[in-house]
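K.L.:
Encoded as structure tokens, here's the structure I'll be asking about.
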Amino acid sequence: MDNSALLKRSKKGVYLSHLKINQKDYYGLLYYGPRLVLNETRNILEIFILDFSNVVYGKIVKFRLMDFIRGIMNFSDIQELKKQIEKDLAYAREMIKYK
């Protein structure tokens, strides 16, 4: 399925996602929505790939949404956002144990 079509039908927020990069499987935290903490209103797509340290700019990354973790939230500052991301990562790692 085309990723843009998939996202248009999906709720905005954070998802556990499955990714395929160079024929290898990974899990990631996917965020789809505006970056409210930066006062942005345009929807963006960001994926943090768990246990991955290579550069993927310019490469084709296929993904699929697995589980919805939470909706979009606004934060008072970047530090609060980072704290929530740590919680999201911990929750995602727990979910992966049961996949």
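Chain identifiers are assigned as A, B, and so on, following the order in which chains appear in the structure tokens; residues are numbered from 1 within each chain, and ligands are numbered from 1 in order of appearance.
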When DSSP is applied to the backbone of this structure, which of chain A are assigned alpha helix (DSSP H)? Write them out as a list in words.
P.N.:
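Of chain A, the ones in alpha helix (DSSP H) are Asn3, Ser4, Ala5, Leu6, Leu7, Lys8, Ile78, Gln79, Glu80, Leu81, Lys82, Lys83, Gln84, Ile85, Glu86, Lys87, Asp88, Leu89, Ala90, Tyr91, Ala92, Arg93, Glu94, Met95, Ile96 and Lys97 of chain A.
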K.L.:
Next, the residues of the selection above should be written as an mmCIF file, in the first residue's frame with N, CA and C atoms.
P.N.:
```
data_model
loop_
_atom_site.group_PDB
_atom_site.id
_atom_site.type_symbol
_atom_site.label_atom_id
_atom_site.label_comp_id
_atom_site.auth_asym_id
_atom_site.auth_seq_id
_atom_site.Cartn_x
_atom_site.Cartn_y
_atom_site.Cartn_z
ATOM 1 N N ASN A 3 2.296 4.518 1.256
ATOM 2 C CA ASN A 3 2.376 5.033 2.623
ATOM 3 C C ASN A 3 1.552 6.290 2.835
ATOM 4 N N SER A 4 1.500 7.175 1.849
ATOM 5 C CA SER A 4 0.735 8.412 2.024
ATOM 6 C C SER A 4 -0.753 8.110 2.155
ATOM 7 N N ALA A 5 -1.254 7.139 1.404
ATOM 8 C CA ALA A 5 -2.663 6.754 1.514
ATOM 9 C C ALA A 5 -2.935 6.121 2.871
ATOM 10 N N LEU A 6 -2.006 5.318 3.338
ATOM 11 C CA LEU A 6 -2.139 4.687 4.649
ATOM 12 C C LEU A 6 -2.244 5.740 5.745
ATOM 13 N N LEU A 7 -1.386 6.725 5.702
ATOM 14 C CA LEU A 7 -1.375 7.745 6.746
ATOM 15 C C LEU A 7 -2.623 8.611 6.720
ATOM 16 N N LYS A 8 -3.143 8.899 5.552
ATOM 17 C CA LYS A 8 -4.348 9.729 5.470
ATOM 18 C C LYS A 8 -5.530 9.070 6.167
ATOM 19 N N ILE A 78 11.147 21.008 24.973
ATOM 20 C CA ILE A 78 11.771 19.830 24.367
ATOM 21 C C ILE A 78 12.088 18.768 25.420
ATOM 22 N N GLN A 79 12.456 19.183 26.627
ATOM 23 C CA GLN A 79 12.770 18.219 27.688
ATOM 24 C C GLN A 79 11.561 17.351 28.019
ATOM 25 N N GLU A 80 10.383 17.959 28.078
ATOM 26 C CA GLU A 80 9.159 17.193 28.344
ATOM 27 C C GLU A 80 8.877 16.220 27.199
ATOM 28 N N LEU A 81 9.119 16.660 25.979
ATOM 29 C CA LEU A 81 8.964 15.778 24.819
ATOM 30 C C LEU A 81 9.909 14.582 24.929
ATOM 31 N N LYS A 82 11.165 14.831 25.291
ATOM 32 C CA LYS A 82 12.144 13.747 25.425
ATOM 33 C C LYS A 82 11.717 12.737 26.486
ATOM 34 N N LYS A 83 11.165 13.223 27.597
ATOM 35 C CA LYS A 83 10.681 12.318 28.650
ATOM 36 C C LYS A 83 9.569 11.420 28.114
ATOM 37 N N GLN A 84 8.665 12.003 27.337
ATOM 38 C CA GLN A 84 7.566 11.214 26.782
ATOM 39 C C GLN A 84 8.076 10.204 25.757
ATOM 40 N N ILE A 85 9.059 10.602 24.968
ATOM 41 C CA ILE A 85 9.639 9.675 23.991
ATOM 42 C C ILE A 85 10.252 8.476 24.706
ATOM 43 N N GLU A 86 10.926 8.706 25.829
ATOM 44 C CA GLU A 86 11.494 7.596 26.604
ATOM 45 C C GLU A 86 10.394 6.649 27.078
ATOM 46 N N LYS A 87 9.269 7.205 27.524
ATOM 47 C CA LYS A 87 8.128 6.376 27.939
ATOM 48 C C LYS A 87 7.577 5.589 26.749
ATOM 49 N N ASP A 88 7.466 6.263 25.606
ATOM 50 C CA ASP A 88 6.969 5.600 24.396
ATOM 51 C C ASP A 88 7.893 4.452 23.984
ATOM 52 N N LEU A 89 9.206 4.690 24.063
ATOM 53 C CA LEU A 89 10.171 3.648 23.708
ATOM 54 C C LEU A 89 10.057 2.446 24.642
ATOM 55 N N ALA A 90 9.935 2.706 25.933
ATOM 56 C CA ALA A 90 9.807 1.614 26.903
ATOM 57 C C ALA A 90 8.541 0.806 26.627
ATOM 58 N N TYR A 91 7.458 1.497 26.348
ATOM 59 C CA TYR A 91 6.193 0.827 26.050
ATOM 60 C C TYR A 91 6.314 -0.001 24.769
ATOM 61 N N ALA A 92 6.947 0.565 23.750
ATOM 62 C CA ALA A 92 7.122 -0.148 22.477
ATOM 63 C C ALA A 92 7.952 -1.409 22.674
ATOM 64 N N ARG A 93 9.015 -1.315 23.455
ATOM 65 C CA ARG A 93 9.859 -2.492 23.697
ATOM 66 C C ARG A 93 9.077 -3.595 24.420
ATOM 67 N N GLU A 94 8.197 -3.208 25.320
ATOM 68 C CA GLU A 94 7.340 -4.196 25.986
ATOM 69 C C GLU A 94 6.400 -4.857 24.982
ATOM 70 N N MET A 95 5.836 -4.056 24.092
ATOM 71 C CA MET A 95 4.922 -4.596 23.082
ATOM 72 C C MET A 95 5.639 -5.581 22.160
ATOM 73 N N ILE A 96 6.882 -5.275 21.819
ATOM 74 C CA ILE A 96 7.656 -6.117 20.904
ATOM 75 C C ILE A 96 7.876 -7.506 21.499
ATOM 76 N N LYS A 97 7.998 -7.584 22.804
ATOM 77 C CA LYS A 97 8.218 -8.882 23.455
ATOM 78 C C LYS A 97 7.108 -9.879 23.140
#
```
K.L.:
Can you tell me, as a PyMOL selection string, which residues in chain A count as strand (DSSP E) by DSSP?
P.N.:
chain A and resi 13-21+24-33+44-49+61-71
K.L.:
Out of A:Phe68, A:Ile44, A:Asp51, A:Val61, which residue has the shortest atom-to-atom distance to Gln23 of chain A when counting only C-alpha atoms?
P.N.:
A:Val61
K.L.:
Name the closest residue to Tyr31 of chain A among the candidates A:Ile60, A:Ser53, A:Asp77, A:Leu65; distances are taken between atoms, counting only C-alpha atoms.
P.N.:
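For Tyr31 of chain A, the nearest of the given residues is A:Leu65.
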K.L.:
Hey, can you check how far atom CA of Leu19 of chain A sits from atom CA of Ile69 of chain A?
P.N.:
16.6 Å
K.L.:
Given only C-alpha atoms as the basis, pick out the residue of A:Leu29, A:Leu38, A:Ile21, A:Leu45 nearest to Gly58 of chain A.
P.N.:
A:Ile21
K.L.:
For Asn39 of chain A, please output as a ChimeraX atom specification all residues within 10 Å (counting only C-alpha atoms; exclusion window: fewer than 4 positions along the same chain).
P.N.:
/A:34-35,74
K.L.:
Please produce a file of the residues just selected, as a compact mmCIF listing (two decimals), in the first residue's frame, where the atoms kept are C-alpha atoms.
P.N.:
```
# COMPACT_ATOMS: atom_id res chain seq x y z
CA PRO A 34 2.33 18.24 13.59
CA ARG A 35 5.29 19.11 15.83
CA ASN A 74 1.74 19.21 23.12
```
K.L.:
In Å, with one decimal, what is the gap from atom CA of His18 of chain A to atom CA of Val56 of chain A?
P.N.:
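So the two atoms, atom CA of His18 of chain A and atom CA of Val56 of chain A, lie 15.3 Å apart.
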K.L.:
To one decimal in Å, tell me the separation between atom CA of Gly13 of chain A and atom CA of Met73 of chain A.
P.N.:
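These two atoms are separated by 8.0 Å.
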K.L.:
Using only C-alpha atoms, can you tell me which of A:Lys11, A:Leu36, A:Lys99, A:Leu30 comes closest to Arg64 of chain A?
P.N.:
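The closest residue to Arg64 of chain A is A:Leu30.
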